[in-house]
Every structure is written in C-alpha cells, then in structure tokens.
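Structure file data.txt; described as compact mmCIF, C-alpha atoms.
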# COMPACT_ATOMS: atom_id res chain seq x y z
CA MET A 1 142.43 120.08 70.14
CA SER A 2 140.50 117.64 68.08
CA ALA A 3 136.79 117.90 67.42
CA THR A 4 136.45 114.30 68.52
CA ALA A 5 137.53 115.18 72.06
CA VAL A 6 135.01 118.04 72.15
CA MET A 7 132.20 115.74 71.17
CA GLU A 8 133.26 112.95 73.40
CA ILE A 9 133.54 114.94 76.59
CA GLY A 10 129.94 116.11 76.56
CA SER A 11 128.38 113.22 74.74
CA ASP A 12 126.13 110.37 75.79
CA LEU A 13 129.11 108.09 75.29
CA TRP A 14 131.15 110.17 77.74
CA ASN A 15 128.42 110.10 80.39
CA ALA A 16 127.82 106.40 79.80
CA ARG A 17 131.51 105.71 80.35
CA VAL A 18 131.65 107.67 83.56
CA TYR A 19 128.52 106.12 85.01
CA ALA A 20 129.53 102.64 83.89
CA GLY A 21 132.85 103.18 85.67
CA LEU A 22 131.07 104.35 88.80
CA SER A 23 128.72 101.43 88.70
CA VAL A 24 131.52 98.87 88.39
CA ALA A 25 133.53 100.56 91.14
CA TYR A 26 130.56 100.58 93.50
CA GLU A 27 129.72 96.99 92.70
CA LEU A 28 133.29 95.82 93.29
CA ALA A 29 133.62 97.72 96.53
CA ALA A 30 130.23 96.62 97.82
CA SER A 31 130.91 92.95 97.00
CA ALA A 32 134.15 92.93 98.90
CA GLU A 33 133.00 95.06 101.81
CA ARG A 34 129.83 93.16 102.72
CA PRO A 35 130.86 90.13 104.80
CA ARG A 36 128.09 87.93 103.45
CA ASN A 37 129.24 88.65 99.92
CA ARG A 38 132.94 88.28 100.52
CA LEU A 39 133.01 84.57 99.78
CA ALA A 40 131.20 85.11 96.49
CA PHE A 41 133.62 87.91 95.70
CA PHE A 42 136.65 85.68 96.17
CA LEU A 43 135.09 82.71 94.42
CA ASN A 44 134.21 84.78 91.44
CA VAL A 45 137.78 85.78 90.71
CA TYR A 46 137.49 85.69 86.96
CA ARG A 47 134.56 88.08 86.94
CA THR A 48 136.35 90.34 89.38
CA TYR A 49 139.45 90.40 87.18
CA LEU A 50 137.33 91.39 84.21
CA GLN A 51 135.61 94.14 86.16
CA VAL A 52 138.82 95.56 87.54
CA TYR A 53 140.57 95.58 84.16
CA ARG A 54 137.52 97.04 82.46
CA LEU A 55 137.23 99.75 85.09
CA SER A 56 140.91 100.61 84.86
CA SER A 57 140.71 100.91 81.10
CA GLU A 58 137.50 103.01 81.30
CA LEU A 59 139.14 105.33 83.82
CA ASN A 60 142.19 105.80 81.60
CA ALA A 61 139.91 106.69 78.69
CA ILE A 62 137.90 109.11 80.87
CA LEU A 63 141.05 110.78 82.21
CA ALA A 64 142.67 111.06 78.81
CA ALA A 65 139.55 112.65 77.29
CA ALA A 66 139.08 115.01 80.25
CA GLU A 67 142.70 116.13 80.32
CA GLN A 68 142.71 116.67 76.57
CA ALA A 69 139.59 118.81 76.82
CA VAL A 70 140.82 120.96 79.72
CA PRO A 71 141.21 124.20 77.69
CA LEU A 72 137.65 123.87 76.37
CA TYR A 73 136.16 123.92 79.85
CA LEU A 74 137.33 127.48 80.49
CA THR A 75 134.19 128.83 78.82
CA ALA A 76 131.61 126.61 80.53
CA ASP A 77 129.14 127.75 83.20
CA ALA A 78 129.31 127.30 86.97
CA GLU A 79 126.63 124.59 87.02
CA THR A 80 128.60 122.50 84.52
CA TYR A 81 131.70 122.90 86.67
CA ARG A 82 129.85 121.74 89.78
CA LEU A 83 128.38 118.72 87.97
CA ARG A 84 131.78 117.72 86.62
CA ARG A 85 133.38 118.27 90.03
CA ASP A 86 130.86 115.98 91.71
CA MET A 87 131.26 113.36 89.00
CA PHE A 88 135.05 113.28 89.33
CA LEU A 89 134.82 113.31 93.12
CA GLN A 90 132.56 110.26 93.07
CA LEU A 91 134.92 108.44 90.76
CA SER A 92 137.92 109.39 92.87
CA THR A 93 136.23 108.24 96.06
CA SER A 94 135.32 104.92 94.46
CA CYS A 95 138.91 104.42 93.31
CA SER A 96 140.19 105.16 96.81
CA ARG A 97 137.81 102.56 98.24
CA LEU A 98 139.17 100.00 95.80
CA VAL A 99 142.73 100.79 96.84
CA SER A 100 141.84 100.15 100.46
CA LEU A 101 140.21 96.84 99.49
CA GLN A 102 143.37 95.40 97.96
CA ASP A 103 144.80 94.75 101.43
CA ARG A 104 141.93 92.34 102.08
CA LEU A 105 142.78 90.17 99.10
CA PRO A 106 144.95 87.08 99.68
CA LEU A 107 148.59 87.43 98.63
CA SER A 108 147.98 84.83 95.94
CA TYR A 109 145.86 87.43 94.15
CA GLY A 110 149.09 89.26 93.27
CA LYS A 111 148.09 90.70 89.91
CA LEU A 112 144.65 91.69 91.08
CA ARG A 113 146.11 93.39 94.18
CA GLU A 114 148.62 95.21 91.98
CA LYS A 115 145.88 96.38 89.64
CA MET A 116 143.67 97.53 92.49
CA ALA A 117 146.58 99.43 94.05
CA SER A 118 147.04 101.25 90.75
CA PHE A 119 143.62 102.82 91.25
CA GLY A 120 145.40 105.10 93.75
CA VAL A 121 147.16 106.96 90.93
CA GLN A 122 143.88 107.31 89.05
CA ALA A 123 142.12 108.51 92.23
CA GLU A 124 144.70 111.30 92.58
CA ARG A 125 144.35 112.37 88.95
CA LEU A 126 140.56 112.37 89.29
CA LEU A 127 140.87 114.46 92.44
CA ASP A 128 143.13 116.94 90.62
CA LEU A 129 140.37 117.39 88.05
CA ALA A 130 137.67 117.66 90.73
CA ASP A 131 139.69 120.33 92.52
CA TRP A 132 140.20 122.22 89.29
CA PHE A 133 136.47 122.14 88.48
CA ASP A 134 135.80 123.37 91.98
CA ALA A 135 138.16 126.31 91.45
CA LEU A 136 136.43 127.10 88.14
CA SER A 137 133.00 126.99 89.80
CA THR A 138 133.88 129.98 92.00
CA PRO A 139 135.33 132.51 89.54
CA GLU A 140 134.65 135.55 91.75
CA GLU A 141 136.47 134.02 94.71
CA MET A 142 139.39 132.92 92.57
CA GLY A 143 139.48 136.31 90.85
CA ALA A 144 139.66 138.07 94.22
CA LYS A 145 142.47 135.82 95.42
CA PHE A 146 144.46 136.41 92.24
CA ARG A 147 143.95 140.17 92.59
CA VAL A 148 145.37 140.03 96.11
CA LEU A 149 148.26 137.91 94.90
CA ALA A 150 149.02 140.36 92.07
CA GLU A 151 148.90 143.26 94.53
CA ASN A 152 151.28 141.48 96.86
CA VAL A 153 153.69 140.91 93.99
CA ALA A 154 153.44 144.55 92.88
CA GLU A 155 154.07 145.81 96.43
CA GLY A 156 156.95 143.41 96.99
CA ASN A 157 155.14 141.48 99.74
CA CYS A 158 156.53 138.17 98.55
CA VAL A 159 159.39 135.93 99.49
CA PRO A 160 161.45 133.71 97.20
CA LEU A 161 160.82 130.00 97.61
CA ALA A 162 164.57 129.50 97.77
CA SER A 163 164.72 131.47 101.04
CA LEU A 164 162.34 129.03 102.75
CA GLN A 165 164.30 125.83 102.13
CA MET B 1 166.65 124.09 77.51
CA LYS B 2 164.47 126.68 79.21
CA LEU B 3 165.48 127.76 82.71
CA PRO B 4 163.01 127.22 85.56
CA LEU B 5 160.89 130.19 86.61
CA GLU B 6 161.81 132.01 89.80
CA VAL B 7 159.18 131.04 92.39
CA ILE B 8 157.98 133.70 94.82
CA LEU B 9 155.32 133.19 97.49
CA SER B 10 152.91 135.65 99.01
CA LYS B 11 153.72 136.19 102.68
CA SER B 12 150.54 134.35 103.68
CA ALA B 13 151.54 131.42 101.46
CA ALA B 14 155.01 131.38 103.01
CA LYS B 15 153.42 131.39 106.47
CA THR B 16 151.09 128.54 105.51
CA LEU B 17 153.98 126.56 104.06
CA GLN B 18 156.11 126.99 107.16
CA SER B 19 153.26 125.90 109.42
CA LEU B 20 152.85 122.56 107.66
CA ASP B 21 154.27 119.23 108.71
CA VAL B 22 157.56 118.35 107.02
CA PRO B 23 156.26 115.71 104.55
CA THR B 24 153.46 117.98 103.28
CA ARG B 25 155.80 120.97 103.05
CA LYS B 26 158.28 118.84 101.12
CA ARG B 27 155.57 117.65 98.71
CA ILE B 28 154.42 121.20 98.03
CA ILE B 29 157.98 122.45 97.50
CA GLU B 30 158.70 119.56 95.12
CA LYS B 31 155.51 120.33 93.22
CA LEU B 32 156.47 124.00 92.95
CA HIS B 33 159.87 123.02 91.56
CA GLU B 34 158.18 120.80 88.97
CA ILE B 35 155.81 123.61 88.01
CA ALA B 36 158.69 126.08 87.77
CA VAL B 37 160.39 123.84 85.23
CA ASP B 38 157.29 123.18 83.13
CA PRO B 39 154.42 125.42 84.25
CA LEU B 40 152.06 124.64 81.36
CA ASN B 41 152.30 120.87 81.63
CA PRO B 42 148.79 119.59 82.51
CA HIS B 43 150.34 117.04 84.84
CA ASN B 44 151.63 119.95 86.93
CA SER B 45 148.81 122.48 86.83
CA TYR B 46 145.55 123.37 85.09
CA PRO B 47 144.60 126.73 83.57
CA LEU B 48 142.03 129.06 85.10
CA GLN B 49 140.22 131.96 83.49
CA GLY B 50 142.63 134.84 82.90
CA SER B 51 146.07 135.08 81.42
CA GLY B 52 148.78 133.23 83.28
CA LYS B 53 146.43 132.01 86.01
CA ARG B 54 146.61 128.35 86.93
CA SER B 55 145.90 126.02 89.83
CA ALA B 56 147.39 122.85 91.19
CA ARG B 57 146.66 120.55 94.11
CA VAL B 58 148.88 118.89 96.65
CA GLY B 59 147.07 116.78 99.21
CA GLY B 60 144.50 119.04 100.87
CA TYR B 61 146.01 122.23 99.55
CA ARG B 62 145.12 124.19 96.47
CA ILE B 63 147.94 126.22 94.97
CA LEU B 64 147.18 129.30 92.91
CA LEU B 65 149.83 130.17 90.34
CA LEU B 66 150.35 133.42 88.51
CA ILE B 67 152.88 133.17 85.72
CA GLN B 68 154.56 136.51 85.27
CA GLU B 69 156.49 136.90 82.07
CA PRO B 70 159.30 136.51 81.44
CA ASP B 71 160.59 134.38 84.25
CA ARG B 72 158.63 134.57 87.50
CA LEU B 73 155.96 132.45 89.12
CA ALA B 74 153.92 133.97 91.97
CA VAL B 75 152.29 131.49 94.33
CA ASP B 76 149.47 131.52 96.85
CA ILE B 77 148.42 128.49 98.86
CA ILE B 78 144.89 127.90 99.98
CA ASP B 79 143.67 125.24 102.34
CA SER B 80 140.26 125.00 100.79
CA ARG B 81 139.86 121.43 99.67
CA GLY B 82 138.46 120.25 102.99
CA GLN B 83 135.36 122.38 102.60
CA VAL B 84 134.61 120.87 99.23
CA TYR B 85 135.36 117.25 99.93
CA ARG B 86 134.09 116.87 103.47
CA ARG B 87 130.61 115.92 102.35
CA ILE B 88 131.77 112.83 100.42
Using structure tokens, write down the structure from this file.
Amino acid sequence: MSATAVMEIGSDLWNARVYAGLSVAYELAASAERPRNRLAFFLNVYRTYLQVYRLSSELNAILAAAEQAVPLYLTADAETYRLRRDMFLQLSTSCSRLVSLQDRLPLSYGKLREKMASFGVQAERLLDLADWFDALSTPEEMGAKFRVLAENVAEGNCVPLASLQ
Amino acid sequence: MKLPLEVILSKSAAKTLQSLDVPTRKRIIEKLHEIAVDPLNPHNSYPLQGSGKRSARVGGYRILLLIQEPDRLAVDIIDSRGQVYRRI
C-alpha cells in the first residue's frame, strides 16, 4: 500500500473528484431527462462527449484509489463508513441513470451510447463498495452473523455447495 | 496452481439459495465458484474486520464468507441490501 493512496483517499482532492463526478453525472442526467432541455442536450454533442469521457475517467480514478485503499478502511469508524457508503451509493445511482439514458440517444451517437452503457460496469463496482461500507458500518450485526456461521460450521449444520447444483 | 476451496453453506443460506429464481441462483453460484478459486481477489470479495472474514455482493444479496484454513470456505447469504438502498 502506498502512502499516496492513503493521502488521496481522504484528501480534498479525493472529495473534489467524487463531488465533481457527481455533479457531472447529475448535470448530464438532468439535461437529457428534462424535455425542454433535450434539444440543447443533443445539439451540444461535443460538450456532452467531453463530460461523459471526463466522468468516466474520474470514476476510474475514484474506483482505483478506493479499491487500493480497501485494507486501510478496516480501522475507520462507523460514521466514516456511513459517509463513504452514501457517497458511493449516490455515484452508483447516477451511473445507473446514465445507463438508462443511452437508449434515448439516436443510433448515430454510437460511441457516446457505448460509453454511457459502460457506466453500468462502474455502477456495479461502486455498489460493491457501498455494500461493503454498509457491512463495515454495522460491526456488531456482522460479528453476530459470523458467530452463528462459525457455530453452524462447528456443529456440522452446513451443506456442500456441490450438493445443491 | 492452487486448488479451489471447498464451499459449504449454512443451512439457512442453502435454503435462501434454493428459494431464488434460477438466474439469481446461477449468478450467486458462479460468484461462489470464482471466490473459491481466488478468495482474496478484491474483484471477488472485500475483507471485513476479523481473520478470514469477507463479504461480497450479488444483485440484492450480501454474501458473508468465512475462510477456514486450509481449504474450506463457509458461506452465509443475507438479503439485506434492500433495506439500505431503498431510500435512494
């Protein structure tokens, strides 16, 4: 684990990246969803391209930094986990909205449609992180469930996966 | 090459799995096979506090994983995501 990743994940730069990503995602989705803005959205293709590519690149940077810093989060507090969970949930939701918007783009917008569809993969990765932060935010509950699981294993109350297929 | 871990499910997890629709069940089983081959890969699961404890997500289901040395992976499945994500 590099010190750079540690600094980046909690830094102003990190937060700025996340909120910039959110802002662009909201702006894109809102432009395309509001009927009165749809014409402007389509006419302003170049700007939209730039926004989509910038957002995609920001999301990749955010995901890479977050996934690299995963082991470091194990010692954070519950409030931090909840804040991170909400942040990743918002980003994931915004990405999912963008995926749904690609169907509204004309077929001639092939590359843009392709790029917007790729937000689906990022939305899933963001949701994985949100779910993980949610699990970390309830250590007592998770601890209790693991205790029950360990007891079940010790008492032989388990079945092999192979027997279920 | 390391052999995959043997995957065992708690009886409640097995019951949950069998109650699911076929595509979801298939996705979870595929994910468990991937985890069994490479349990520490962050693309498959993330660590939780405590030795050998990890979690993964498939659709609306959270999967709790307990790696038991040397070669076993105990699994519980929780349908908890809905509670967390409903408010979005």
Kindly assemble as JSON lines a list of the chain B residues that lie within 9 Å of chain A, each paired with its nearest atom pair and their distance in Å to one decimal, using all atoms listed in the file, sorted first by chain and then by ascending residue number.
{"residue": "B:Glu6", "atom": "CA", "partner": "A:Pro160", "partner_atom": "CA", "distance": 7.6}
{"residue": "B:Val7", "atom": "CA", "partner": "A:Leu161", "partner_atom": "CA", "distance": 5.6}
{"residue": "B:Ile8", "atom": "CA", "partner": "A:Pro160", "partner_atom": "CA", "distance": 4.2}
{"residue": "B:Leu9", "atom": "CA", "partner": "A:Cys158", "partner_atom": "CA", "distance": 5.2}
{"residue": "B:Ser10", "atom": "CA", "partner": "A:Cys158", "partner_atom": "CA", "distance": 4.4}
{"residue": "B:Lys11", "atom": "CA", "partner": "A:Cys158", "partner_atom": "CA", "distance": 5.4}
{"residue": "B:Ser12", "atom": "CA", "partner": "A:Cys158", "partner_atom": "CA", "distance": 8.8}
{"residue": "B:Ala13", "atom": "CA", "partner": "A:Cys158", "partner_atom": "CA", "distance": 8.9}
{"residue": "B:Ala14", "atom": "CA", "partner": "A:Val159", "partner_atom": "CA", "distance": 7.2}
{"residue": "B:Leu17", "atom": "CA", "partner": "A:Leu164", "partner_atom": "CA", "distance": 8.8}
{"residue": "B:Gln18", "atom": "CA", "partner": "A:Leu164", "partner_atom": "CA", "distance": 7.9}
{"residue": "B:Ile29", "atom": "CA", "partner": "A:Leu161", "partner_atom": "CA", "distance": 8.1}
{"residue": "B:Leu32", "atom": "CA", "partner": "A:Leu161", "partner_atom": "CA", "distance": 8.8}
{"residue": "B:Pro42", "atom": "CA", "partner": "A:Glu67", "partner_atom": "CA", "distance": 7.3}
{"residue": "B:His43", "atom": "CA", "partner": "A:Arg125", "partner_atom": "CA", "distance": 8.6}
{"residue": "B:Ser45", "atom": "CA", "partner": "A:Asp128", "partner_atom": "CA", "distance": 8.8}
{"residue": "B:Tyr46", "atom": "CA", "partner": "A:Trp132", "partner_atom": "CA", "distance": 6.9}
{"residue": "B:Pro47", "atom": "CA", "partner": "A:Pro71", "partner_atom": "CA", "distance": 7.2}
{"residue": "B:Leu48", "atom": "CA", "partner": "A:Leu136", "partner_atom": "CA", "distance": 6.7}
{"residue": "B:Gln49", "atom": "CA", "partner": "A:Leu74", "partner_atom": "CA", "distance": 6.1}
{"residue": "B:Gly50", "atom": "CA", "partner": "A:Gly143", "partner_atom": "CA", "distance": 8.7}
{"residue": "B:Lys53", "atom": "CA", "partner": "A:Phe146", "partner_atom": "CA", "distance": 7.9}
{"residue": "B:Ser55", "atom": "CA", "partner": "A:Trp132", "partner_atom": "CA", "distance": 6.9}
{"residue": "B:Ala56", "atom": "CA", "partner": "A:Asp128", "partner_atom": "CA", "distance": 7.3}
{"residue": "B:Arg57", "atom": "CA", "partner": "A:Asp128", "partner_atom": "CA", "distance": 6.1}
{"residue": "B:Val58", "atom": "CA", "partner": "A:Asp128", "partner_atom": "CA", "distance": 8.6}
{"residue": "B:Gly59", "atom": "CA", "partner": "A:Glu124", "partner_atom": "CA", "distance": 8.9}
{"residue": "B:Arg62", "atom": "CA", "partner": "A:Asp131", "partner_atom": "CA", "distance": 7.7}
{"residue": "B:Leu64", "atom": "CA", "partner": "A:Phe146", "partner_atom": "CA", "distance": 7.6}
{"residue": "B:Leu65", "atom": "CA", "partner": "A:Phe146", "partner_atom": "CA", "distance": 8.4}
{"residue": "B:Leu66", "atom": "CA", "partner": "A:Phe146", "partner_atom": "CA", "distance": 7.6}
{"residue": "B:Ala74", "atom": "CA", "partner": "A:Val153", "partner_atom": "CA", "distance": 7.2}
{"residue": "B:Val75", "atom": "CA", "partner": "A:Leu149", "partner_atom": "CA", "distance": 7.6}
{"residue": "B:Asp76", "atom": "CA", "partner": "A:Leu149", "partner_atom": "CA", "distance": 6.8}
{"residue": "B:Arg81", "atom": "CA", "partner": "A:Asp131", "partner_atom": "CA", "distance": 7.2}
{"residue": "B:Val84", "atom": "CA", "partner": "A:Asp134", "partner_atom": "CA", "distance": 7.8}
{"residue": "B:Tyr85", "atom": "CA", "partner": "A:Leu89", "partner_atom": "CA", "distance": 7.9}
{"residue": "B:Ile88", "atom": "CA", "partner": "A:Thr93", "partner_atom": "CA", "distance": 7.7}
- Query: Neighbours of Arg113 in chain A within 12 Å (only C-alpha atoms; same-chain residues fewer than 3 positions away dropped), as a list in words?
  - Reply: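 Residues meeting the cut-off are Val45, Thr48, Tyr49, Val52, Tyr53, Leu98, Val99, Ser100, Leu101, Gln102, Asp103, Arg104, Leu105, Pro106, Leu107, Ser108, Tyr109, Gly110, Met116, Ala117, Ser118, Phe119 and Gly120 of chain A.
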- Query: What is the CA of Arg97 in chain A to CA of Glu79 in chain A distance in Å?
  - Reply: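 These atoms are spaced 27.1 Å apart.
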- Task: Take CA of Gly52 in chain B and CA of Glu140 in chain A and report the distance between them in Å, one decimal.
- Result: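 Rounded to one decimal, the two atoms are 16.6 Å apart.
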- Item | Separation of CA of Leu59 in chain A from CA of Val121 in chain A in Å |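 It comes out at 10.8 Å.
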- Looking at all atoms listed in the file, which of A:Lys111, A:Ala30, A:Ser137, A:Ala20 is the one that sits closest to Leu83 in chain A?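 Of A:Lys111, A:Ala30, A:Ser137, A:Ala20, the one nearest Leu83 in chain A, counting all atoms listed in the file, is A:Ser137.
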Using the file's own x, y and z axes, so that the box edges lie along x, y and z, what centre and edge lengths in Å (one decimal) does a box around every listed atom of range 92-106 of chain A get when 6 Å is added on each side? Give it as lines of an AutoDock Vina configuration file.
center_x = 140.1
center_y = 98.2
center_z = 97.5
size_x = 21.6
size_y = 34.3
size_z = 21.2
Output of chain B limited to C-alpha atoms, as a CSV table (one decimal), in the first residue's frame:
chain,number,residue,atom,x,y,z
B,1,MET,CA,-1.8,-23.8,-9.2
B,2,LYS,CA,-3.8,-23.7,-6.0
B,3,LEU,CA,-6.9,-25.8,-5.8
B,4,PRO,CA,-10.3,-24.1,-5.2
B,5,LEU,CA,-11.6,-24.0,-1.7
B,6,GLU,CA,-14.4,-26.4,-0.8
B,7,VAL,CA,-17.5,-24.3,-0.4
B,8,ILE,CA,-20.0,-25.1,2.3
B,9,LEU,CA,-23.2,-23.2,3.0
B,10,SER,CA,-25.1,-22.7,6.3
B,11,LYS,CA,-28.5,-24.5,6.1
B,12,SER,CA,-30.2,-21.1,6.1
B,13,ALA,CA,-28.0,-20.0,3.2
B,14,ALA,CA,-28.8,-23.2,1.3
B,15,LYS,CA,-32.5,-22.6,1.9
B,16,THR,CA,-32.2,-19.0,0.7
B,17,LEU,CA,-30.3,-20.1,-2.4
B,18,GLN,CA,-32.8,-22.8,-3.3
B,19,SER,CA,-35.7,-20.3,-3.0
B,20,LEU,CA,-34.2,-17.9,-5.5
B,21,ASP,CA,-35.1,-17.6,-9.2
B,22,VAL,CA,-32.8,-19.6,-11.5
B,23,PRO,CA,-30.8,-16.6,-12.9
B,24,THR,CA,-30.1,-15.2,-9.5
B,25,ARG,CA,-29.2,-18.6,-8.1
B,26,LYS,CA,-26.9,-19.2,-11.0
B,27,ARG,CA,-25.2,-15.8,-10.5
B,28,ILE,CA,-24.6,-16.5,-6.9
B,29,ILE,CA,-23.2,-20.0,-7.5
B,30,GLU,CA,-20.9,-18.6,-10.2
B,31,LYS,CA,-19.7,-15.9,-7.9
B,32,LEU,CA,-19.0,-18.5,-5.2
B,33,HIS,CA,-17.0,-20.6,-7.6
B,34,GLU,CA,-15.0,-17.5,-8.5
B,35,ILE,CA,-14.4,-16.7,-4.8
B,36,ALA,CA,-13.4,-20.4,-4.2
B,37,VAL,CA,-10.7,-20.1,-6.8
B,38,ASP,CA,-9.3,-16.7,-5.7
B,39,PRO,CA,-10.9,-15.7,-2.3
B,40,LEU,CA,-8.6,-12.7,-1.6
B,41,ASN,CA,-9.1,-11.1,-5.0
B,42,PRO,CA,-10.7,-7.7,-4.4
B,43,HIS,CA,-12.8,-8.2,-7.5
B,44,ASN,CA,-14.4,-11.2,-5.8
B,45,SER,CA,-14.8,-10.1,-2.2
B,46,TYR,CA,-13.7,-7.4,0.3
B,47,PRO,CA,-12.3,-8.0,3.8
B,48,LEU,CA,-14.2,-7.4,7.0
B,49,GLN,CA,-12.9,-7.0,10.5
B,50,GLY,CA,-11.6,-10.3,11.8
B,51,SER,CA,-9.4,-13.0,10.4
B,52,GLY,CA,-10.8,-14.7,7.3
B,53,LYS,CA,-14.0,-12.7,7.2
B,54,ARG,CA,-15.0,-11.2,3.9
B,55,SER,CA,-18.1,-10.1,2.1
B,56,ALA,CA,-19.3,-10.0,-1.5
B,57,ARG,CA,-22.4,-8.8,-3.3
B,58,VAL,CA,-24.5,-10.4,-6.0
B,59,GLY,CA,-27.5,-8.4,-7.0
B,60,GLY,CA,-29.6,-7.7,-3.9
B,61,TYR,CA,-27.8,-10.3,-1.8
B,62,ARG,CA,-24.9,-9.9,0.5
B,63,ILE,CA,-22.7,-13.0,0.9
B,64,LEU,CA,-20.7,-13.4,4.1
B,65,LEU,CA,-17.6,-15.6,3.7
B,66,LEU,CA,-15.5,-17.2,6.3
B,67,ILE,CA,-12.3,-18.6,5.0
B,68,GLN,CA,-11.3,-21.7,7.1
B,69,GLU,CA,-7.7,-22.8,6.6
B,70,PRO,CA,-6.5,-24.8,4.9
B,71,ASP,CA,-9.1,-25.4,2.3
B,72,ARG,CA,-12.7,-24.5,3.2
B,73,LEU,CA,-15.0,-21.6,2.6
B,74,ALA,CA,-18.1,-21.2,4.8
B,75,VAL,CA,-20.9,-19.1,3.3
B,76,ASP,CA,-23.9,-17.3,4.6
B,77,ILE,CA,-26.3,-15.3,2.4
B,78,ILE,CA,-28.2,-12.3,3.6
B,79,ASP,CA,-30.9,-10.4,1.8
B,80,SER,CA,-30.1,-7.1,3.4
B,81,ARG,CA,-29.3,-4.8,0.6
B,82,GLY,CA,-32.9,-3.7,0.0
B,83,GLN,CA,-33.1,-2.1,3.5
B,84,VAL,CA,-30.0,0.0,2.8
B,85,TYR,CA,-30.7,1.1,-0.8
B,86,ARG,CA,-34.5,1.6,-0.7
B,87,ARG,CA,-34.2,5.2,0.3
B,88,ILE,CA,-32.2,6.2,-2.8
